[in-house]
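Some notes on the structure that comes next.
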Amino acid sequence: MPIADRAMPATSPDPVARRSRPASLPQVRAEHILTIMVGAAVVLAFLVRAAHVLRWDFPLNDGGMFALMIEEIRHAHYRLPSETAYNFSHIPFAYPPLALYAAALVADLTRLGVPDVLRLLPLAVSTVTVLALLRLTRGFLNSRLALATACVVFAVMPSGFIYLIMGGGLTRSFGFLFAILAISEMHRLYQTGERRFMLTATLAAGGTVLSHLGTVPFLVQSLALLWLFYGRTPRTLLMTVGVLCGAAAVAAPWWAPVVATHGLAPFIAAQSTGGSILSDPDARRGLLGLLARLGLGSWTATSTGEALFPLLGTLGLLGAVVCVVDRQLFLPVWWLTILVFNTRAGLTFASVPVAMLAGLGVSRGLIPILLPHFRRPAQHDVEHSMTSWRTWPSAAWATLGFIILYASAASLLEVAAYGSDLRYLSSLLPSERAAMRQAAAMLPPDSRVLVIPDGEWTVWAVDKSSEWFPVLASRQSVATVQGSEWLPNGTFARKQNLSKALRQCAAGISDCLDDWSRNAGIAFSHVYIPQPPLPAEEAYRLCCKLLIASLRNDSRYTLMYDGPGAMIFARRDANLH
């Protein structure tokens with residue numbers, strides 16, 4: 001049963017109003033208000049995301065490997081390549097290709113450069129995801145106010161878009177969109193039993209598989225939970241298995257050739273890159289740390305990625321309380337299981353139930369407080385309050401307006417001091433790209449370059465210099481992690497550990513690089529140190545001051561390039577064999 005049914009009497013509590021106007025008028029007006037609010041949510045979602053994307057002339061953060069793969073698809077005339085030349089690592093071209101093909105097609109049809117496509121296409125797909133959320137939410141919430149609020153909250157919740165509008169968000173955004181649609185269609189299948197929803201669910205699930213394998217575990221976990229709450233019959237179980245098998249068949253034109261060429265090894269390797277608290281020690285430590293300091297701010301901020309006070313997360317928590325009181329536990333349990341069982345992208349996935357819970361928090365918690373005459377939902381119609389919005393007190397308008405403005409403003413903060421992942425929404429500056437192209441002109445083709453992460457806080461997933469260097473410099477970056485998830489023999493885990501160790505050298509001296517090379521068993525011929533120009537007040541963040549001084553004074557190294565975007569040192573005693 002959809003949540004909040006009991007809060008929605010079908011008739012107006014005012015009999016005079018019913019006699020003086022057509023009975024259908026309030027419903028029509030409420031539908032119009034819902035349409036306006038959803039439309040405003042889509043516009044707001046675009047504006048918030050565009051504010052981050054359009055201030056840069058290059059894809060946000062990552063996407064270097066995808067840029068090369070898109071070009072390889074175009075060069076192969078849309079035939080699926082066997083391998084990608086990214087970072088000279090002979091990586092199987094096993095990445096789900098739907099979004100890559102879409103980007104290649106957009107580039108060919110519009111004459112946009114691939115970097116521009118990597119900027120704009122994730123922005124568009126992430127914006128459209130608001131409409132997918134609306135379709136999903138309609139199956140769970142009957143309150144129009146809750147529906148509209150959920151869309152607005154989803155539009156501005158940082159965790160719902162940060163990693164989707166990056167260059168690497170090209171595949172993540174497509175996968176997230178299709179996963180939400182698949183969950184929505186499966187819920188309708190369980191509620192109605194109509195077979196037509198099997199087809200739409202199969203296509204959406206197949207789109208998820210064809211877009212982003214990292215989203216597939218979230219989809220499967222969500223469908224399993226959905227079946228436990230709303231299915232639990234042999235017939236719906238068979239339908240679910242049929243949908244999953246159909247999704248595999250839809251994706252067969254991709255995975256079948258990959259298996260025929262490379263076997264199952266790439267998929268086995270990629271599957272091991274995900275994790276949960278059951279398999280990831282770091283995730284277990286993080287969860288224990290969260291529980292140790294458990295409070296309203298820490299828990300809700302963990303789910304929403306808000307830079308300041310987690311207002312949206314607090315509304316979600318209020319909605320969870322409403323669900324517990326009503327004994328409608330699916331959304332709170334879904335929220336919890338996402339955070340527990342998805343260590344890499346759990347914050348993004350959790351934005352869906354949090355937005356829906358926030359909608360309940362406003363419609364069933366906040367509005368009854370702000371509108372005293374609608375305080376008892378069993379006798380008064382909160383839904384009618386949407387149609388009589390002119391009678392709302394100024395306190396209600398001021399509170400709702402403050403929530404929207406505050407959440408929108410907070411979603412634009414990219415200051416590292418606030419601790420939100422919004423700080424990762426930046427791209428390589430023109431000077432940094434010029435330095436990489438200079439490296440392409442200066443360094444021998446067989447160079448093995450050690451790209452130093454630009455600070456100890458830069459984890460490999462947001463180390464844009466390391467990912468883009470192999471593409472823009474056309475030289476091998478020996479410590480780059482991206483792409484290694486498709487390589488066998490635990491290459492991904494090993495690369496992660498090496499990247500983590502290298503980050504410590506950013507604050508060290510040249511001997512640290514020797515230790516890293518010896519422990520890793522990896523030789524290098526050059527050292528590339530990013531030096532992006534920073535405002536004077538952030539100059540303390542400039543990378544690797546001690547390391548640079550040490551390399552300058554080390555007779556084994558020669559400074560080859562000292563530009564505004566990077567410094568490049570050549571190692572005289574390099575032995576690459």
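Residue names in the structure tokens use chain letters A, B, ... in the order shown, residue numbers from 1 in each chain, and ligand numbers from 1 in the order shown.
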message: Set the distance at 12 Å and use only C-alpha atoms: which residues neighbour region 71-78 of chain A once local chain neighbours fewer than 5 positions away are removed? I'd like the list as an MDAnalysis selection string.
response: chainID A and resid 64:66 83:86 93 97:109 113:115 117:118 471
Please provide the set of residues having any atom within 8 Å of region 250-256 of chain A, restricted to only C-alpha atoms, with same-chain residues fewer than 4 positions apart removed, written as a JSON list (two decimals) with C-alpha atoms, in the first residue's frame.
```json
[["chain", "number", "residue", "atom", "x", "y", "z"],
["A", 94, "ALA", "CA", 34.85, -4.75, -21.43],
["A", 96, "PRO", "CA", 29.48, -1.44, -20.60],
["A", 97, "PRO", "CA", 29.32, 0.61, -23.80],
["A", 202, "THR", "CA", 13.44, -5.77, -18.53],
["A", 203, "LEU", "CA", 14.45, -2.97, -20.89],
["A", 206, "GLY", "CA", 19.09, -4.19, -19.45],
["A", 207, "GLY", "CA", 19.95, -0.51, -19.87],
["A", 209, "VAL", "CA", 23.69, -3.51, -17.27],
["A", 210, "LEU", "CA", 24.69, -1.88, -20.56],
["A", 246, "GLY", "CA", 15.71, -10.76, -19.93],
["A", 260, "ALA", "CA", 34.23, -14.85, -26.47]]
```
- request: Enter the distance from CA of Ala248 (chain A) to CA of Thr171 (chain A), in Å, rounded to one decimal.
  value: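 Result for CA of Ala248 (chain A) versus CA of Thr171 (chain A): 17.9 Å, one decimal.
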message: Between CA of Thr233 (chain A) and CA of His187 (chain A), what distance in Å does the model show, to one decimal?
response: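 Interatomic distance, CA of Thr233 (chain A) to CA of His187 (chain A): 13.8 Å.
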message: My list of candidates is A:Ser477, A:Gln531, A:Thr314, A:Ser351. Which is closest to Leu428 (chain A) when distances are computed with only C-alpha atoms?
response: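 Between A:Ser477, A:Gln531, A:Thr314, A:Ser351, the residue approaching Leu428 (chain A) most closely is A:Gln531.
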- prompt: Could you name the residues that touch Ala434 (chain A) at 10 Å or less, counting only C-alpha atoms, but leaving out those on the same chain fewer than 6 positions away, as a ChimeraX atom specification?
  reply: /A:428,440,472-473,563-566
Dump of N, CA and C atoms for the selected residues, as a PDB file, in the first residue's frame:
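See part-v1.pdb below for the written result:
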```
ATOM      1  N   LEU A 428      40.700  20.022 -14.901  1.00  0.00           N
ATOM      2  CA  LEU A 428      42.048  20.446 -15.233  1.00  0.00           C
ATOM      3  C   LEU A 428      42.004  21.828 -15.871  1.00  0.00           C
ATOM      4  N   ALA A 440      53.984  15.464 -23.830  1.00  0.00           N
ATOM      5  CA  ALA A 440      53.889  14.642 -25.038  1.00  0.00           C
ATOM      6  C   ALA A 440      54.951  15.024 -26.051  1.00  0.00           C
ATOM      7  N   LEU A 472      46.206  12.966 -22.500  1.00  0.00           N
ATOM      8  CA  LEU A 472      46.697  14.245 -23.017  1.00  0.00           C
ATOM      9  C   LEU A 472      48.196  14.225 -23.283  1.00  0.00           C
ATOM     10  N   ALA A 473      48.946  13.447 -22.513  1.00  0.00           N
ATOM     11  CA  ALA A 473      50.394  13.376 -22.706  1.00  0.00           C
ATOM     12  C   ALA A 473      50.807  12.196 -23.585  1.00  0.00           C
ATOM     13  N   GLY A 563      56.507  24.910 -15.639  1.00  0.00           N
ATOM     14  CA  GLY A 563      55.480  25.798 -16.163  1.00  0.00           C
ATOM     15  C   GLY A 563      54.416  26.087 -15.139  1.00  0.00           C
ATOM     16  N   PRO A 564      53.420  26.861 -15.513  1.00  0.00           N
ATOM     17  CA  PRO A 564      52.358  27.219 -14.564  1.00  0.00           C
ATOM     18  C   PRO A 564      51.469  26.042 -14.182  1.00  0.00           C
ATOM     19  N   GLY A 565      51.487  24.961 -14.985  1.00  0.00           N
ATOM     20  CA  GLY A 565      50.603  23.845 -14.699  1.00  0.00           C
ATOM     21  C   GLY A 565      51.256  22.643 -14.083  1.00  0.00           C
ATOM     22  N   ALA A 566      52.573  22.510 -14.222  1.00  0.00           N
ATOM     23  CA  ALA A 566      53.248  21.319 -13.708  1.00  0.00           C
ATOM     24  C   ALA A 566      54.754  21.510 -13.757  1.00  0.00           C
TER      25      ALA A 566
END
```
- prompt: Expressed in Å to a single decimal, how great is the separation between CA of Met436 (chain A) and CA of Arg494 (chain A)?
  reply: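 Going from CA of Met436 (chain A) over to CA of Arg494 (chain A), I get 25.8 Å.
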- request: Considering only C-alpha atoms, return as number ranges by chain whatever protein or nucleic-acid residues lie within 8 Å of Met186 (chain A), sequence-local ones (same chain, fewer than 4 positions apart) excluded.
  value: A: 182, 190, 197-198, 201, 223, 240
message: Which residues are close to region 133-139 of chain A, i.e. within 7 Å by only C-alpha atoms, leaving aside same-chain residues fewer than 4 positions away? Reply as a VMD selection string.
response: chain A and resid 2 129 147 151 180 to 181 184 188 356
- request: Mind checking which residues fall within 9 Å of Gln496 (chain A), counting only C-alpha atoms, ignoring those fewer than 2 positions away in the same chain, and posting them as a PyMOL selection string?
  value: chain A and resi 460+479-481+491-494+498-501
- request: Mind checking which residues fall within 9 Å of region 554-557 of chain A, counting only C-alpha atoms, ignoring those fewer than 6 positions away in the same chain, and posting them as a list in words?
  value: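 Contacts, in chain order: Ser510, His526, Phe569, Ala570, Arg571, Arg572, Asp573 and Ala574 of chain A.
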